[in-house]
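Everything on this sheet refers to the single structure shown next.
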Amino acid sequence: MTDLVPILAAAVPALPLAGMLLALLARTPRQADILALAVGLPSAASALALAIAALARGGAPALRGHWYLLDGASGVLLAVIAVVGLGSVAVSPAYLRASGRSWTTAARSRSLYYAALFLFWAALLAVPIVGNLAVAWLIIEATTAASALLVAFSGRRDALEAGWKYLVLTTLGLSVALLGIIVLAISQANAGHHDLHALDWHALRLAAHALPKDSTLVAFVLLLAGLATKIGWAPVHNWLPDAHSEAPAPVSALLSAALLPSVLLIAWRVKAILAPSVGDATTHAVFIAFGLASILVAVPFLWRSLPWKRLLAYSSLEHMGVIGLGIGFGTPLAIAGVVLHVAGHALAKSLGFYAALPLLRIDPEAANRAPDGVLSDSRSTATAMGISLLALSGLPPSPLFLSELLILLGGVAAGDVLVSVIALIALALGFLGLLHAFVEGVVGERKRHHRRAHSRAERPILALTAILGGGLLALAPAGLLLPGSAFVATLARGAL
């Protein structure tokens with residue numbers, strides 16, 4: 001399997017790029033849908049194969065090639081991006097049928113939509129495996145361009161405004177991160193490393209102890225502050241609610257379940273590499289600050305009656321905060337929780353966004369206000385929404401209950417008892433907010449007249465509820481094996 005890794009590493013981003021080109025050649029809407037699924041299946045399969053190759057190595061050293069680096073964290077993210085990407089491709093025809101585009105421009109609109117979607121997916125798949133910090137930054141910037149077009153795809157005024165806001169704010173943030181990379185490159189040049197490979201993850205790891213503390217600290221702060229904008233951490237999360245609520249539902253799923261944790265992985269690698277120079281206490285404090293702030297800022301919004309997709313967006317803010325806390329604590333228990341949380345959040349959140357498709361057919365006004373009484377109109381839609389909400393809230397047997405417990409216990413083990421207690425209280429309040437949304441919006445009484453759901457519109461949701469819901473049930477017992485494993489111990493050491 002190891003001999004195939006270079007081939008798979010090249011194929012993983014190349015297949016979606018081929019899908020982008022093929023999408024532009026489609027002549028009819030049906031042809032575009034068939035081509036998208038035909039490319040989506042092998043794209044997801046190759047990414048899952050590479051993920052398995054990474055995860056099968058357990059605690060073994062990372063695999064490195066000329067341009068790629070493959071470790072356990074890469075494997076987790078590749079699996080997540082593969083599953084969510086394929087799900088988004090599969091439900092895109094349902095979204096496009098209801099997008100409101102006229103028939104005369106439908107084929108062209110679908111071609112452009114799929115081209116941007118596959119470009120976005122290709123960039124996401126490249127982020128976890130690229131072996132160079134500067135190239136990772138460039139690819140993250142590419143995700144901004146592709147996803148901004150998708151956020152504004154509907155052409156509505158609010159969508160155009162959200163897409164522009166997302167583009168401007170995240171580009172500004174990434175500009176700050178680029179400044180941090182330049183400072184780091186100058187430090188490497190002063191140490192005698194002058195080419196682009198000086199910013200390879202492995203080269204930075206070897207040189208970290210010799211880097212000057214002051215300039216490296218400046219680089220670290222700039223990098224984390226800039227990447228925080230793209231991750232959606234508070235207080236630089238302002239683009240997140242608008243972009244998630246205005247983007248097409250399949251794109252919202254990729255934004256929340258795949259993009260945010262992928263950029264967070266880059267921040268995690270920066271922490272692991274630069275900690276020997278700037279100090280563990282500093283890197284620890286920065287992640288704890290961003291993580292706790294994100295959870296605390298999200299909780300008041302989770303208590304409000306929000307439109308469905310906007311509620312899920314603020315839930316993303318909370319969960320990225322939880323993952324940030326786990327990385328900041330850095331103990332094996334916390335890292336086990338981080339791995340489980342990334343996977344569980346991806347399945348639950350993507351299912352929630354996919355459920356928005358039939359929800360908005362039943363009740364179009366739910367795009368601007370909180371839903372109500374969905375169970376009375378569509379059991380399949382209500383089931384998908386309910387599973388998503390209850391899993392995201394951390395209600396047992398959700399894997400997110402176990403992951404949050406592991407992260408908080410990891411915080412206690414790290415000596416951050418006060419931070420863990422504050423986070424526990426905030427998460428309990430967030431749980432109550434999501435539980436209220438479940439009671440009022442999903443199983444509560446219907447307050448307004450809604451249209452009945454059509455069976456054709458419900459079919460994709462039935463299939464995805466079974467697949468993603470089954471995945472959520474399987475994750476919890478699997479997560480019990482993580483603490484104490486060589487895989488987690490390697491991630492906790494930050495080995496690359």
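Chain lettering (A, B, ...) mirrors the order of the structure tokens, residue numbering begins at 1 for each chain separately, and ligand numbering begins at 1 in order of display.
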request  = Excluding Leu217 of chain A and residues on its chain fewer than 2 positions from it, collect all residues at most 9 Å away from it, counting only C-alpha atoms, and give them as JSON, numbers by chain.
outcome  = {"A": [212, 213, 214, 215, 219, 220, 221, 222, 274, 277, 278, 279, 282]}
ask   = Where in segment 26-130 of chain A does DSSP assign alpha helix (DSSP H), given as a PyMOL selection string?
value = chain A and resi 29-55+72-97+106-126
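Taking only C-alpha atoms into account, Ala486 of chain A lies nearest to A:Pro332 out of the set A:Gly85, A:Pro276, A:Gly226, A:Pro332.
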Do you have, as a Markdown table, the list of residues of segment 224-317 of chain A lying at most 12 Å from segment 432-447 of chain A, each with its nearest atom pair and that distance in Å to one decimal, counting only C-alpha atoms and ordered by chain then number?
| residue | atom | partner | partner_atom | distance |
| --- | --- | --- | --- | --- |
| A:Ala298 | CA | A:Gly433 | CA | 10.4 |
| A:Val299 | CA | A:Gly433 | CA | 7.6 |
| A:Pro300 | CA | A:Gly433 | CA | 8.4 |
| A:Phe301 | CA | A:Gly433 | CA | 8.4 |
| A:Leu302 | CA | A:Gly433 | CA | 5.1 |
| A:Trp303 | CA | A:Gly433 | CA | 4.4 |
| A:Arg304 | CA | A:Gly433 | CA | 7.5 |
| A:Ser305 | CA | A:Ala437 | CA | 7.2 |
| A:Leu306 | CA | A:Ala437 | CA | 8.7 |
| A:Pro307 | CA | A:Gly441 | CA | 9.9 |
| A:Trp308 | CA | A:Gly441 | CA | 8.9 |
| A:Leu311 | CA | A:Leu434 | CA | 8.7 |
| A:Leu312 | CA | A:Leu434 | CA | 9.6 |
| A:Tyr314 | CA | A:Leu434 | CA | 10.7 |
| A:Ser315 | CA | A:Leu434 | CA | 8.8 |
task = Tell me which protein, DNA and RNA residues are within 7 Å of Ser245 of chain A, counting only C-alpha atoms, leaving out same-chain ones fewer than 4 positions away, and put them as a ChimeraX atom specification.
result = /A:241,309-310
Keeping C-alpha atoms, export the residues of the selection given above as a JSON list (two decimals), in the first residue's frame.
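Writing done, so here's out.json:
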[["chain", "number", "residue", "atom", "x", "y", "z"],
["A", 241, "PRO", "CA", -23.21, 33.11, 9.72],
["A", 309, "LYS", "CA", -28.92, 27.25, 8.37],
["A", 310, "ARG", "CA", -27.97, 30.24, 10.50]]
ask   = Which residues, written as an NGL selection string, have at least one atom at most 12 Å from Pro61 of chain A, with only C-alpha atoms counted and residues fewer than 6 positions away on the same chain left out?
value = :A and (54-55 or 69-73 or 202 or 486-487 or 489-491 or 493-496)
Those residues with N, CA and C atoms, as a short mmCIF file (atom, residue, chain, number, x, y, z; two decimals), in the first residue's frame please?
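Final output, part.cif:
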data_model
loop_
_atom_site.label_atom_id
_atom_site.label_comp_id
_atom_site.auth_asym_id
_atom_site.auth_seq_id
_atom_site.Cartn_x
_atom_site.Cartn_y
_atom_site.Cartn_z
N ALA A 54 -3.06 6.22 5.43
CA ALA A 54 -2.51 7.05 6.51
C ALA A 54 -2.90 6.51 7.88
N LEU A 55 -4.17 6.16 8.04
CA LEU A 55 -4.65 5.71 9.36
C LEU A 55 -4.11 4.33 9.71
N LEU A 69 2.86 15.38 2.41
CA LEU A 69 3.12 14.81 3.74
C LEU A 69 1.84 14.15 4.21
N LEU A 70 1.96 12.89 4.63
CA LEU A 70 0.78 12.12 5.00
C LEU A 70 0.97 11.57 6.41
N ASP A 71 0.15 12.05 7.34
CA ASP A 71 0.20 11.55 8.71
C ASP A 71 -1.22 11.20 9.16
N GLY A 72 -1.37 10.86 10.43
CA GLY A 72 -2.68 10.45 10.93
C GLY A 72 -3.73 11.53 10.81
N ALA A 73 -3.35 12.78 11.09
CA ALA A 73 -4.29 13.88 10.98
C ALA A 73 -4.75 14.06 9.53
N HIS A 202 8.55 19.43 7.35
CA HIS A 202 9.65 18.69 7.94
C HIS A 202 10.87 19.59 8.17
N ALA A 486 -1.52 4.27 19.88
CA ALA A 486 -0.28 4.83 19.34
C ALA A 486 -0.58 5.96 18.37
N PHE A 487 -1.69 5.84 17.66
CA PHE A 487 -2.12 6.87 16.71
C PHE A 487 -2.30 8.21 17.41
N ALA A 489 -1.22 9.02 20.47
CA ALA A 489 0.04 9.42 21.11
C ALA A 489 0.95 10.16 20.14
N THR A 490 0.97 9.71 18.88
CA THR A 490 1.78 10.38 17.86
C THR A 490 1.24 11.77 17.57
N LEU A 491 -0.08 11.91 17.45
CA LEU A 491 -0.67 13.22 17.21
C LEU A 491 -0.41 14.16 18.39
N ARG A 493 2.14 14.20 20.30
CA ARG A 493 3.52 14.65 20.25
C ARG A 493 3.76 15.66 19.13
N GLY A 494 2.78 15.78 18.26
CA GLY A 494 2.94 16.70 17.14
C GLY A 494 3.92 16.23 16.11
N ALA A 495 4.12 14.93 16.02
CA ALA A 495 5.09 14.38 15.07
C ALA A 495 4.60 14.55 13.64
N LEU A 496 5.50 15.00 12.77
CA LEU A 496 5.16 15.17 11.36
C LEU A 496 6.11 14.33 10.50
#
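Using only C-alpha atoms for every distance, the candidate list A:Ala366, A:Ala272, A:Ile335, A:Leu464 yields A:Leu464 as the residue closest to Gly352 of chain A.
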request  = For atom CA of Thr283 of chain A and atom CA of Leu78 of chain A, quote the distance in Å rounded to one decimal.
outcome  =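 A separation of 25.4 Å between them.
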task = Would you please give, as a count of residues only, all residues of segment 27-251 of chain A that DSSP assigns to strand (DSSP E or B) based on the backbone?
result = 8
query = Of the candidates A:Ala44, A:Ala281, A:Ala258, A:Leu37, which shows the shortest atom-to-atom distance to Gly330 of chain A, using only C-alpha atoms?
reply =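 Closest residue, counting only C-alpha atoms: A:Ala281.
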message = Just the number, please: distance in Å from atom CA of Trp201 of chain A to atom CA of Lys271 of chain A, one decimal.
response =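 These two atoms are separated by 11.4 Å.
Coordinates place atom CA of Val176 of chain A at a distance of 18.7 Å from atom CA of Gln188 of chain A.
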inquiry  = Calculated over only C-alpha atoms, which of the candidates A:Ala82, A:Ile407, A:Val419, A:Leu25 has the smallest distance to Ala285 of chain A?
reply    =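 Between A:Ala82, A:Ile407, A:Val419, A:Leu25, the residue approaching Ala285 of chain A most closely is A:Val419.
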request  = Within 7 Å of Ile273 of chain A, counting only C-alpha atoms, which residues show up once you throw out same-chain ones fewer than 4 positions away? Write them as a ChimeraX atom specification, please.
outcome  = /A:204-205,208,269
Give me a file of those residues, with N, CA and C atoms, as a CSV table (one decimal), in the first residue's frame.
chain,number,residue,atom,x,y,z
A,204,LEU,N,10.9,22.8,8.6
A,204,LEU,CA,10.6,23.7,9.8
A,204,LEU,C,10.7,23.0,11.1
A,205,ARG,N,10.3,21.7,11.1
A,205,ARG,CA,10.4,20.9,12.3
A,205,ARG,C,11.9,20.8,12.8
A,208,ALA,N,13.2,24.3,14.0
A,208,ALA,CA,12.5,25.1,15.0
A,208,ALA,C,13.3,25.5,16.2
A,269,ARG,N,-0.7,22.3,12.9
A,269,ARG,CA,0.7,21.9,12.5
A,269,ARG,C,1.7,23.1,12.8
ask   = For Gly344 of chain A, which residue out of A:Leu172, A:Ala382, A:Leu119, A:Val84 is the nearest one, using only C-alpha atoms?
value = A:Val84
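Close contacts of Ala225 of chain A, defined as residues with an atom at most 10 Å away when counting only C-alpha atoms, with chain neighbours fewer than 4 positions off set aside, comprise Gly173, Leu174, Val176, Ala177, Gly180, Ala219, Phe220, Val221, Thr229, Lys230, Ile231, Trp233, Val236, Ala267, Val286 and Phe290 of chain A.
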